[in-house]
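J.: What follows is the file protein-v7.csv, containing CSV, N, CA and C atoms:
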```
chain,number,residue,atom,x,y,z
A,1,MET,N,68.4,177.0,211.4
A,1,MET,CA,67.7,175.7,211.4
A,1,MET,C,67.3,175.4,212.9
A,2,SER,N,66.1,175.0,213.1
A,2,SER,CA,65.7,174.8,214.5
A,2,SER,C,66.3,173.5,215.1
A,3,ARG,N,66.2,173.4,216.4
A,3,ARG,CA,66.9,172.3,217.1
A,3,ARG,C,66.2,171.0,216.7
A,4,GLU,N,64.8,171.0,216.6
A,4,GLU,CA,64.1,169.8,216.2
A,4,GLU,C,64.5,169.3,214.8
A,5,ARG,N,64.6,170.2,213.9
A,5,ARG,CA,65.0,169.9,212.6
A,5,ARG,C,66.4,169.3,212.5
A,6,ARG,N,67.3,169.8,213.2
A,6,ARG,CA,68.7,169.3,213.3
A,6,ARG,C,68.7,167.9,213.9
A,7,LEU,N,67.9,167.7,214.9
A,7,LEU,CA,67.8,166.4,215.6
A,7,LEU,C,67.2,165.4,214.6
A,8,LEU,N,66.2,165.8,213.9
A,8,LEU,CA,65.6,164.9,212.9
A,8,LEU,C,66.6,164.5,211.8
A,9,LEU,N,67.3,165.5,211.3
A,9,LEU,CA,68.3,165.2,210.2
A,9,LEU,C,69.4,164.3,210.7
A,10,ILE,N,69.9,164.5,211.9
A,10,ILE,CA,70.9,163.6,212.5
A,10,ILE,C,70.4,162.2,212.7
A,11,THR,N,69.1,162.1,213.2
A,11,THR,CA,68.5,160.8,213.4
A,11,THR,C,68.4,160.1,212.0
A,12,LEU,N,67.9,160.8,211.0
A,12,LEU,CA,67.7,160.1,209.7
A,12,LEU,C,69.1,159.7,209.1
A,13,PHE,N,70.1,160.5,209.4
A,13,PHE,CA,71.5,160.1,208.9
A,13,PHE,C,72.0,158.9,209.7
A,14,ILE,N,71.7,158.8,211.0
A,14,ILE,CA,72.3,157.7,211.8
A,14,ILE,C,71.6,156.4,211.6
A,15,ILE,N,70.3,156.4,211.2
A,15,ILE,CA,69.5,155.2,211.1
A,15,ILE,C,70.2,154.1,210.3
A,16,PRO,N,70.7,154.3,209.1
A,16,PRO,CA,71.4,153.3,208.4
A,16,PRO,C,72.7,152.8,209.1
A,17,VAL,N,73.3,153.7,209.8
A,17,VAL,CA,74.5,153.3,210.6
A,17,VAL,C,74.2,152.4,211.7
A,18,ILE,N,73.1,152.7,212.4
A,18,ILE,CA,72.7,151.8,213.5
A,18,ILE,C,72.4,150.4,213.1
A,19,VAL,N,71.7,150.2,211.9
A,19,VAL,CA,71.4,148.9,211.5
A,19,VAL,C,72.6,148.2,210.7
A,20,SER,N,73.7,149.0,210.6
A,20,SER,CA,74.9,148.4,209.9
A,20,SER,C,74.6,147.8,208.6
A,21,ALA,N,73.8,148.5,207.8
A,21,ALA,CA,73.4,148.0,206.5
A,21,ALA,C,73.0,149.2,205.6
A,22,HIS,N,72.7,148.9,204.4
A,22,HIS,CA,72.3,149.9,203.5
A,22,HIS,C,71.1,149.4,202.7
A,23,GLY,N,70.5,150.3,202.1
A,23,GLY,CA,69.4,149.9,201.2
A,23,GLY,C,68.0,149.8,201.9
A,24,GLN,N,67.1,149.5,201.1
A,24,GLN,CA,65.7,149.5,201.6
A,24,GLN,C,65.4,148.4,202.6
A,25,GLU,N,66.0,147.3,202.5
A,25,GLU,CA,65.7,146.2,203.4
A,25,GLU,C,66.0,146.5,204.8
A,26,ALA,N,67.1,147.2,205.0
A,26,ALA,CA,67.5,147.5,206.4
A,26,ALA,C,66.5,148.4,207.1
A,27,LEU,N,65.9,149.2,206.4
A,27,LEU,CA,64.9,150.1,207.0
A,27,LEU,C,63.6,149.5,207.3
A,28,TYR,N,63.3,148.4,206.7
A,28,TYR,CA,62.0,147.7,207.0
A,28,TYR,C,61.9,147.4,208.5
A,29,ILE,N,63.0,146.9,209.1
A,29,ILE,CA,63.0,146.6,210.5
A,29,ILE,C,62.6,147.8,211.3
A,30,LEU,N,63.2,148.9,211.0
A,30,LEU,CA,63.0,150.1,211.8
A,30,LEU,C,61.5,150.6,211.6
A,31,PHE,N,61.0,150.5,210.4
A,31,PHE,CA,59.6,150.9,210.2
A,31,PHE,C,58.7,150.0,210.9
A,32,TRP,N,58.9,148.7,210.9
A,32,TRP,CA,58.0,147.8,211.6
A,32,TRP,C,58.1,148.0,213.1
A,33,GLU,N,59.3,148.3,213.6
A,33,GLU,CA,59.4,148.5,215.1
A,33,GLU,C,58.7,149.9,215.4
A,34,GLY,N,58.9,150.9,214.6
A,34,GLY,CA,58.3,152.2,214.9
A,34,GLY,C,56.8,152.0,214.8
A,35,LEU,N,56.2,151.3,213.9
A,35,LEU,CA,54.8,151.1,213.8
A,35,LEU,C,54.3,150.3,215.0
A,36,LEU,N,55.0,149.3,215.4
A,36,LEU,CA,54.6,148.5,216.6
A,36,LEU,C,54.6,149.4,217.8
A,37,VAL,N,55.6,150.2,218.0
A,37,VAL,CA,55.7,151.1,219.2
A,37,VAL,C,54.5,152.1,219.2
A,38,ILE,N,54.2,152.6,218.1
A,38,ILE,CA,53.0,153.6,218.0
A,38,ILE,C,51.7,152.8,218.3
A,39,ILE,N,51.5,151.6,217.8
A,39,ILE,CA,50.3,150.9,218.0
A,39,ILE,C,50.2,150.5,219.5
A,40,LEU,N,51.3,150.1,220.1
A,40,LEU,CA,51.3,149.7,221.5
A,40,LEU,C,51.0,150.9,222.4
A,41,LEU,N,51.6,152.1,222.1
A,41,LEU,CA,51.3,153.3,222.8
A,41,LEU,C,49.9,153.7,222.8
A,42,ILE,N,49.3,153.6,221.6
A,42,ILE,CA,47.9,153.9,221.4
A,42,ILE,C,47.0,153.0,222.2
A,43,LEU,N,47.4,151.7,222.2
A,43,LEU,CA,46.6,150.7,223.0
A,43,LEU,C,46.7,151.0,224.5
A,44,ILE,N,47.9,151.2,224.9
A,44,ILE,CA,48.1,151.4,226.3
A,44,ILE,C,47.4,152.7,226.8
A,45,THR,N,47.4,153.7,226.1
A,45,THR,CA,46.7,155.0,226.5
A,45,THR,C,45.2,154.8,226.4
A,46,ALA,N,44.7,153.9,225.5
A,46,ALA,CA,43.3,153.8,225.3
A,46,ALA,C,42.7,152.8,226.3
A,47,LEU,N,43.5,152.0,227.0
A,47,LEU,CA,43.0,151.0,227.9
A,47,LEU,C,42.4,151.7,229.2
A,48,LYS,N,41.4,151.2,229.7
A,48,LYS,CA,40.8,151.7,230.9
A,48,LYS,C,41.3,151.0,232.1
A,49,ILE,N,42.6,151.1,232.4
A,49,ILE,CA,43.2,150.5,233.6
A,49,ILE,C,44.0,151.6,234.3
A,50,ASN,N,44.4,151.3,235.5
A,50,ASN,CA,45.1,152.4,236.3
A,50,ASN,C,46.5,152.6,235.8
A,51,LEU,N,47.1,153.7,236.2
A,51,LEU,CA,48.4,154.1,235.7
A,51,LEU,C,49.5,153.0,236.0
A,52,LYS,N,49.4,152.4,237.2
A,52,LYS,CA,50.5,151.4,237.5
A,52,LYS,C,50.5,150.2,236.5
A,53,LYS,N,49.3,149.8,236.1
A,53,LYS,CA,49.2,148.7,235.2
A,53,LYS,C,49.6,149.2,233.8
A,54,LYS,N,49.3,150.4,233.4
A,54,LYS,CA,49.8,150.9,232.2
A,54,LYS,C,51.3,151.0,232.1
A,55,LEU,N,51.9,151.4,233.2
A,55,LEU,CA,53.4,151.5,233.3
A,55,LEU,C,54.0,150.1,233.2
A,56,ILE,N,53.4,149.1,233.8
A,56,ILE,CA,53.9,147.7,233.7
A,56,ILE,C,53.8,147.3,232.3
A,57,LEU,N,52.6,147.5,231.6
A,57,LEU,CA,52.5,147.1,230.2
A,57,LEU,C,53.5,147.8,229.3
A,58,ALA,N,53.7,149.1,229.5
A,58,ALA,CA,54.7,149.8,228.7
A,58,ALA,C,56.1,149.3,229.0
A,59,GLY,N,56.4,149.1,230.2
A,59,GLY,CA,57.8,148.6,230.5
A,59,GLY,C,58.1,147.2,229.9
A,60,LEU,N,57.2,146.3,230.1
A,60,LEU,CA,57.4,145.0,229.6
A,60,LEU,C,57.3,145.0,228.0
A,61,SER,N,56.5,145.8,227.5
A,61,SER,CA,56.5,145.9,226.0
A,61,SER,C,57.8,146.5,225.5
A,62,SER,N,58.3,147.5,226.2
A,62,SER,CA,59.6,148.0,225.8
A,62,SER,C,60.8,147.0,225.9
A,63,LEU,N,60.7,146.3,227.0
A,63,LEU,CA,61.8,145.2,227.2
A,63,LEU,C,61.7,144.1,226.1
A,64,SER,N,60.4,143.8,225.7
A,64,SER,CA,60.3,142.8,224.7
A,64,SER,C,60.7,143.3,223.3
A,65,ILE,N,60.5,144.6,223.1
A,65,ILE,CA,61.0,145.2,221.8
A,65,ILE,C,62.5,145.2,221.8
A,66,ILE,N,63.2,145.5,222.9
A,66,ILE,CA,64.6,145.5,223.0
A,66,ILE,C,65.2,144.1,222.8
A,67,ALA,N,64.5,143.2,223.5
A,67,ALA,CA,65.0,141.8,223.4
A,67,ALA,C,64.8,141.3,221.9
A,68,THR,N,63.7,141.7,221.3
A,68,THR,CA,63.5,141.3,219.9
A,68,THR,C,64.6,141.8,219.0
A,69,LEU,N,65.0,143.1,219.2
A,69,LEU,CA,66.1,143.7,218.4
A,69,LEU,C,67.4,142.9,218.7
A,70,LEU,N,67.6,142.5,219.9
A,70,LEU,CA,68.9,141.8,220.2
A,70,LEU,C,68.8,140.4,219.5
A,71,ILE,N,67.7,139.8,219.5
A,71,ILE,CA,67.5,138.5,218.9
A,71,ILE,C,67.8,138.6,217.4
A,72,ILE,N,67.2,139.5,216.7
A,72,ILE,CA,67.3,139.6,215.3
A,72,ILE,C,68.6,140.2,214.8
A,73,SER,N,69.3,140.8,215.7
A,73,SER,CA,70.6,141.4,215.3
A,73,SER,C,71.6,140.3,214.9
A,74,LYS,N,71.4,139.1,215.3
A,74,LYS,CA,72.3,138.0,215.0
A,74,LYS,C,71.9,137.2,213.8
A,75,ILE,N,70.8,137.6,213.2
A,75,ILE,CA,70.3,136.8,212.1
A,75,ILE,C,70.5,137.6,210.8
A,76,SER,N,71.0,137.0,209.7
A,76,SER,CA,71.1,137.6,208.5
A,76,SER,C,69.7,137.9,207.9
A,77,TYR,N,69.6,139.2,207.4
A,77,TYR,CA,68.3,139.6,206.8
A,77,TYR,C,67.9,138.8,205.5
A,78,ARG,N,68.9,138.7,204.7
A,78,ARG,CA,68.7,138.1,203.4
A,78,ARG,C,68.4,136.6,203.6
A,79,GLY,N,67.3,136.2,203.1
A,79,GLY,CA,66.9,134.8,203.2
A,79,GLY,C,66.0,134.5,204.5
A,80,ASN,N,66.0,135.5,205.4
A,80,ASN,CA,65.3,135.3,206.6
A,80,ASN,C,64.3,136.5,206.8
A,81,GLU,N,63.9,137.1,205.8
A,81,GLU,CA,63.1,138.3,205.9
A,81,GLU,C,61.8,138.0,206.5
A,82,PHE,N,61.1,137.0,206.1
A,82,PHE,CA,59.8,136.6,206.7
A,82,PHE,C,59.9,136.3,208.1
A,83,LYS,N,60.9,135.5,208.5
A,83,LYS,CA,61.1,135.1,209.9
A,83,LYS,C,61.4,136.3,210.8
A,84,ILE,N,62.2,137.2,210.3
A,84,ILE,CA,62.6,138.4,211.1
A,84,ILE,C,61.3,139.3,211.3
A,85,ASN,N,60.6,139.5,210.2
A,85,ASN,CA,59.4,140.4,210.3
A,85,ASN,C,58.4,139.8,211.2
A,86,LEU,N,58.2,138.4,211.2
A,86,LEU,CA,57.3,137.7,212.1
A,86,LEU,C,57.8,137.9,213.5
A,87,ILE,N,59.0,137.7,213.8
A,87,ILE,CA,59.6,137.8,215.1
A,87,ILE,C,59.4,139.2,215.7
A,88,ILE,N,59.6,140.2,214.8
A,88,ILE,CA,59.5,141.6,215.2
A,88,ILE,C,58.0,141.9,215.7
A,89,PHE,N,57.1,141.3,215.0
A,89,PHE,CA,55.7,141.5,215.3
A,89,PHE,C,55.2,140.6,216.5
A,90,LEU,N,55.5,139.4,216.4
A,90,LEU,CA,54.9,138.4,217.4
A,90,LEU,C,55.4,138.5,218.8
A,91,ILE,N,56.7,138.7,219.0
A,91,ILE,CA,57.2,138.7,220.4
A,91,ILE,C,56.6,139.8,221.2
A,92,PRO,N,56.7,141.1,220.8
A,92,PRO,CA,56.1,142.2,221.6
A,92,PRO,C,54.6,142.1,221.7
A,93,THR,N,53.9,141.6,220.6
A,93,THR,CA,52.5,141.5,220.7
A,93,THR,C,52.1,140.4,221.7
A,94,ILE,N,52.7,139.3,221.7
A,94,ILE,CA,52.4,138.2,222.6
A,94,ILE,C,52.7,138.6,224.0
A,95,THR,N,53.8,139.3,224.2
A,95,THR,CA,54.2,139.8,225.5
A,95,THR,C,53.1,140.8,226.1
A,96,PHE,N,52.7,141.7,225.2
A,96,PHE,CA,51.7,142.6,225.6
A,96,PHE,C,50.4,141.9,226.0
A,97,LEU,N,49.9,141.0,225.1
A,97,LEU,CA,48.7,140.3,225.4
A,97,LEU,C,48.7,139.5,226.7
A,98,ILE,N,49.8,138.7,226.9
A,98,ILE,CA,49.9,137.9,228.1
A,98,ILE,C,50.0,138.8,229.3
A,99,THR,N,50.7,139.9,229.3
A,99,THR,CA,50.8,140.8,230.4
A,99,THR,C,49.4,141.4,230.7
A,100,PHE,N,48.8,141.9,229.7
A,100,PHE,CA,47.4,142.5,229.8
A,100,PHE,C,46.5,141.5,230.4
A,101,LEU,N,46.4,140.3,229.9
A,101,LEU,CA,45.5,139.2,230.4
A,101,LEU,C,45.9,138.9,231.9
A,102,PHE,N,47.1,138.8,232.2
A,102,PHE,CA,47.6,138.5,233.5
A,102,PHE,C,47.1,139.6,234.5
A,103,LEU,N,47.3,140.8,234.1
A,103,LEU,CA,46.9,142.0,235.0
A,103,LEU,C,45.4,142.0,235.1
A,104,LYS,N,44.7,141.7,234.1
A,104,LYS,CA,43.2,141.7,234.1
A,104,LYS,C,42.7,140.6,235.0
A,105,PHE,N,43.3,139.4,234.8
A,105,PHE,CA,42.9,138.2,235.7
A,105,PHE,C,43.3,138.5,237.1
A,106,LYS,N,44.4,139.1,237.4
A,106,LYS,CA,44.9,139.3,238.7
A,106,LYS,C,43.9,140.3,239.4
A,107,SER,N,43.5,141.4,238.7
A,107,SER,CA,42.6,142.4,239.3
A,107,SER,C,41.3,141.8,239.5
A,108,LYS,N,40.8,140.9,238.6
A,108,LYS,CA,39.4,140.3,238.9
A,108,LYS,C,39.5,139.4,240.1
A,109,ARG,N,40.6,138.6,240.2
A,109,ARG,CA,40.8,137.7,241.3
A,109,ARG,C,40.9,138.5,242.6
A,110,HIS,N,41.6,139.6,242.5
A,110,HIS,CA,41.8,140.5,243.7
A,110,HIS,C,40.4,141.1,244.2
A,111,ASP,N,39.6,141.4,243.2
A,111,ASP,CA,38.3,142.0,243.5
A,111,ASP,C,37.4,140.9,244.1
A,112,GLU,N,37.5,139.7,243.7
A,112,GLU,CA,36.7,138.6,244.2
A,112,GLU,C,37.1,138.2,245.6
A,113,ILE,N,38.3,138.3,246.0
A,113,ILE,CA,38.8,138.0,247.3
A,113,ILE,C,38.3,139.0,248.3
A,114,GLU,N,38.3,140.3,247.9
A,114,GLU,CA,37.8,141.4,248.8
A,114,GLU,C,36.4,141.3,248.9
```
The structure in this file should be written as structure tokens.
T.:
Amino acid sequence: MSRERRLLLITLFIIPVIVSAHGQEALYILFWEGLLVIILLILITALKINLKKKLILAGLSSLSIIATLLIISKISYRGNEFKINLIIFLIPTITFLITFLFLKFKSKRHDEIE
């Protein structure tokens, strides 16, 4: 068995342990987070900005995803499914958009001053 395959099997085995739950509902959070990370990475690589700004976007997006996971870890999933799924999507997305707009505005303003 290849090293990558073993790593994948171990990861798939550990996922339910990480979320401290069982069943399909616990995995929704991980699927949403994974999808969000993929979308953000595609957006960051597709943007026509310099590497420093891309790293700032990636760093703040990562921090917001981690903060989101910490926030929702204290909320019971049953009965709060919609709220949790909304939080998982909105916080990183809003952080990304605000950071991007700030960096874009800052660079336009910097270009006007020079």
J.: Please, what distance in Å, to one decimal, runs between atom CA of A:Leu7 and atom CA of A:Leu30?
T.: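 If I compute the distance from atom CA of A:Leu7 to atom CA of A:Leu30, I get 17.4 Å.
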J.: Can you measure atom C of A:Ala67 to atom N of A:Val37 for me? One decimal in Å is fine.
T.: 13.4 Å
J.: List the spatial neighbours of A:Ile44 as a list in words - criterion: any atom at most 8 Å away, only N, CA and C atoms, same-chain residues fewer than 6 positions off excluded.
T.: Ile38, Lys53, Lys54, Leu55, Leu57 and Ala58 of chain A
J.: Interatomic distance between atom CA of A:Lys83 and atom N of A:Ile42?
T.: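 Value for the atom CA of A:Lys83-atom N of A:Ile42 distance: 24.9 Å.
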J.: Report as a list of chain:residue names all protein, DNA and RNA residues lying within 10 Å of A:Leu90, evaluated on only C-alpha atoms, omitting residues in the same chain fewer than 6 positions from it.
T.: A:Thr68, A:Ile84, A:Phe96
J.: I'd like to know which of A:Ile94, A:Lys48, A:Asn85, A:Phe105 is closest to A:Tyr28, using all atoms listed in the file.
T.: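 Once distances to A:Tyr28 are computed over all atoms listed in the file, the minimum belongs to A:Asn85.
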J.: Determine, counting only C-alpha atoms, every residue of protein, DNA or RNA that lies within 12 Å of (45.5, 144.1, 236.8) in the file coordinates, then give the result as a list in words.
T.: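 These residues have at least one counted atom within 12 Å: Leu47, Lys48, Ile49, Asn50, Leu51, Lys52, Lys53, Lys54, Leu55, Ile56, Leu57, Ile98, Thr99, Phe100, Leu101, Phe102, Leu103, Lys104, Phe105, Lys106, Ser107, Lys108, Arg109, His110 and Asp111 of chain A.
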J.: Produce a file of the selected residues containing N, CA and C atoms, as a PDB file, in the coordinates of the input.
T.:
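Generated output (again.pdb):
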```
ATOM      1  N   LEU A  47      43.500 152.000 227.000  1.00  0.00           N
ATOM      2  CA  LEU A  47      43.000 151.000 227.900  1.00  0.00           C
ATOM      3  C   LEU A  47      42.400 151.700 229.200  1.00  0.00           C
ATOM      4  N   LYS A  48      41.400 151.200 229.700  1.00  0.00           N
ATOM      5  CA  LYS A  48      40.800 151.700 230.900  1.00  0.00           C
ATOM      6  C   LYS A  48      41.300 151.000 232.100  1.00  0.00           C
ATOM      7  N   ILE A  49      42.600 151.100 232.400  1.00  0.00           N
ATOM      8  CA  ILE A  49      43.200 150.500 233.600  1.00  0.00           C
ATOM      9  C   ILE A  49      44.000 151.600 234.300  1.00  0.00           C
ATOM     10  N   ASN A  50      44.400 151.300 235.500  1.00  0.00           N
ATOM     11  CA  ASN A  50      45.100 152.400 236.300  1.00  0.00           C
ATOM     12  C   ASN A  50      46.500 152.600 235.800  1.00  0.00           C
ATOM     13  N   LEU A  51      47.100 153.700 236.200  1.00  0.00           N
ATOM     14  CA  LEU A  51      48.400 154.100 235.700  1.00  0.00           C
ATOM     15  C   LEU A  51      49.500 153.000 236.000  1.00  0.00           C
ATOM     16  N   LYS A  52      49.400 152.400 237.200  1.00  0.00           N
ATOM     17  CA  LYS A  52      50.500 151.400 237.500  1.00  0.00           C
ATOM     18  C   LYS A  52      50.500 150.200 236.500  1.00  0.00           C
ATOM     19  N   LYS A  53      49.300 149.800 236.100  1.00  0.00           N
ATOM     20  CA  LYS A  53      49.200 148.700 235.200  1.00  0.00           C
ATOM     21  C   LYS A  53      49.600 149.200 233.800  1.00  0.00           C
ATOM     22  N   LYS A  54      49.300 150.400 233.400  1.00  0.00           N
ATOM     23  CA  LYS A  54      49.800 150.900 232.200  1.00  0.00           C
ATOM     24  C   LYS A  54      51.300 151.000 232.100  1.00  0.00           C
ATOM     25  N   LEU A  55      51.900 151.400 233.200  1.00  0.00           N
ATOM     26  CA  LEU A  55      53.400 151.500 233.300  1.00  0.00           C
ATOM     27  C   LEU A  55      54.000 150.100 233.200  1.00  0.00           C
ATOM     28  N   ILE A  56      53.400 149.100 233.800  1.00  0.00           N
ATOM     29  CA  ILE A  56      53.900 147.700 233.700  1.00  0.00           C
ATOM     30  C   ILE A  56      53.800 147.300 232.300  1.00  0.00           C
ATOM     31  N   LEU A  57      52.600 147.500 231.600  1.00  0.00           N
ATOM     32  CA  LEU A  57      52.500 147.100 230.200  1.00  0.00           C
ATOM     33  C   LEU A  57      53.500 147.800 229.300  1.00  0.00           C
ATOM     34  N   ILE A  98      49.800 138.700 226.900  1.00  0.00           N
ATOM     35  CA  ILE A  98      49.900 137.900 228.100  1.00  0.00           C
ATOM     36  C   ILE A  98      50.000 138.800 229.300  1.00  0.00           C
ATOM     37  N   THR A  99      50.700 139.900 229.300  1.00  0.00           N
ATOM     38  CA  THR A  99      50.800 140.800 230.400  1.00  0.00           C
ATOM     39  C   THR A  99      49.400 141.400 230.700  1.00  0.00           C
ATOM     40  N   PHE A 100      48.800 141.900 229.700  1.00  0.00           N
ATOM     41  CA  PHE A 100      47.400 142.500 229.800  1.00  0.00           C
ATOM     42  C   PHE A 100      46.500 141.500 230.400  1.00  0.00           C
ATOM     43  N   LEU A 101      46.400 140.300 229.900  1.00  0.00           N
ATOM     44  CA  LEU A 101      45.500 139.200 230.400  1.00  0.00           C
ATOM     45  C   LEU A 101      45.900 138.900 231.900  1.00  0.00           C
ATOM     46  N   PHE A 102      47.100 138.800 232.200  1.00  0.00           N
ATOM     47  CA  PHE A 102      47.600 138.500 233.500  1.00  0.00           C
ATOM     48  C   PHE A 102      47.100 139.600 234.500  1.00  0.00           C
ATOM     49  N   LEU A 103      47.300 140.800 234.100  1.00  0.00           N
ATOM     50  CA  LEU A 103      46.900 142.000 235.000  1.00  0.00           C
ATOM     51  C   LEU A 103      45.400 142.000 235.100  1.00  0.00           C
ATOM     52  N   LYS A 104      44.700 141.700 234.100  1.00  0.00           N
ATOM     53  CA  LYS A 104      43.200 141.700 234.100  1.00  0.00           C
ATOM     54  C   LYS A 104      42.700 140.600 235.000  1.00  0.00           C
ATOM     55  N   PHE A 105      43.300 139.400 234.800  1.00  0.00           N
ATOM     56  CA  PHE A 105      42.900 138.200 235.700  1.00  0.00           C
ATOM     57  C   PHE A 105      43.300 138.500 237.100  1.00  0.00           C
ATOM     58  N   LYS A 106      44.400 139.100 237.400  1.00  0.00           N
ATOM     59  CA  LYS A 106      44.900 139.300 238.700  1.00  0.00           C
ATOM     60  C   LYS A 106      43.900 140.300 239.400  1.00  0.00           C
ATOM     61  N   SER A 107      43.500 141.400 238.700  1.00  0.00           N
ATOM     62  CA  SER A 107      42.600 142.400 239.300  1.00  0.00           C
ATOM     63  C   SER A 107      41.300 141.800 239.500  1.00  0.00           C
ATOM     64  N   LYS A 108      40.800 140.900 238.600  1.00  0.00           N
ATOM     65  CA  LYS A 108      39.400 140.300 238.900  1.00  0.00           C
ATOM     66  C   LYS A 108      39.500 139.400 240.100  1.00  0.00           C
ATOM     67  N   ARG A 109      40.600 138.600 240.200  1.00  0.00           N
ATOM     68  CA  ARG A 109      40.800 137.700 241.300  1.00  0.00           C
ATOM     69  C   ARG A 109      40.900 138.500 242.600  1.00  0.00           C
ATOM     70  N   HIS A 110      41.600 139.600 242.500  1.00  0.00           N
ATOM     71  CA  HIS A 110      41.800 140.500 243.700  1.00  0.00           C
ATOM     72  C   HIS A 110      40.400 141.100 244.200  1.00  0.00           C
ATOM     73  N   ASP A 111      39.600 141.400 243.200  1.00  0.00           N
ATOM     74  CA  ASP A 111      38.300 142.000 243.500  1.00  0.00           C
ATOM     75  C   ASP A 111      37.400 140.900 244.100  1.00  0.00           C
TER      76      ASP A 111
END
```
J.: List as an mmCIF file with N, CA and C atoms, in the coordinates of the input the protein and nucleic acid residues near A:Pro92, meaning an atom at most 8 Å away when all atoms listed in the file are counted, but skip any in the same chain fewer than 6 places from it.
T.:
```cif
data_model
loop_
_atom_site.group_PDB
_atom_site.id
_atom_site.type_symbol
_atom_site.label_atom_id
_atom_site.label_comp_id
_atom_site.auth_asym_id
_atom_site.auth_seq_id
_atom_site.Cartn_x
_atom_site.Cartn_y
_atom_site.Cartn_z
ATOM 1 N N LEU A 60 57.200 146.300 230.100
ATOM 2 C CA LEU A 60 57.400 145.000 229.600
ATOM 3 C C LEU A 60 57.300 145.000 228.000
ATOM 4 N N SER A 61 56.500 145.800 227.500
ATOM 5 C CA SER A 61 56.500 145.900 226.000
ATOM 6 C C SER A 61 57.800 146.500 225.500
ATOM 7 N N SER A 62 58.300 147.500 226.200
ATOM 8 C CA SER A 62 59.600 148.000 225.800
ATOM 9 C C SER A 62 60.800 147.000 225.900
ATOM 10 N N LEU A 63 60.700 146.300 227.000
ATOM 11 C CA LEU A 63 61.800 145.200 227.200
ATOM 12 C C LEU A 63 61.700 144.100 226.100
ATOM 13 N N SER A 64 60.400 143.800 225.700
ATOM 14 C CA SER A 64 60.300 142.800 224.700
ATOM 15 C C SER A 64 60.700 143.300 223.300
ATOM 16 N N ILE A 65 60.500 144.600 223.100
ATOM 17 C CA ILE A 65 61.000 145.200 221.800
ATOM 18 C C ILE A 65 62.500 145.200 221.800
ATOM 19 N N ILE A 66 63.200 145.500 222.900
ATOM 20 C CA ILE A 66 64.600 145.500 223.000
ATOM 21 C C ILE A 66 65.200 144.100 222.800
ATOM 22 N N THR A 68 63.700 141.700 221.300
ATOM 23 C CA THR A 68 63.500 141.300 219.900
ATOM 24 C C THR A 68 64.600 141.800 219.000
ATOM 25 N N ILE A 98 49.800 138.700 226.900
ATOM 26 C CA ILE A 98 49.900 137.900 228.100
ATOM 27 C C ILE A 98 50.000 138.800 229.300
#
```
J.: Go through A:Ser2, A:Thr95, A:Ile88, A:Ala46 one by one, measure the shortest atom-to-atom distance of each to A:Gly34 using only C-alpha atoms, and give the residue with the smallest value.
T.: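 Of A:Ser2, A:Thr95, A:Ile88, A:Ala46, the one nearest A:Gly34, counting only C-alpha atoms, is A:Ile88.
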J.: Go through A:Leu27, A:Glu4, A:Glu33, A:Leu9 and flag the residue nearest A:Phe89, using only N, CA and C atoms for the distances.
T.: A:Glu33
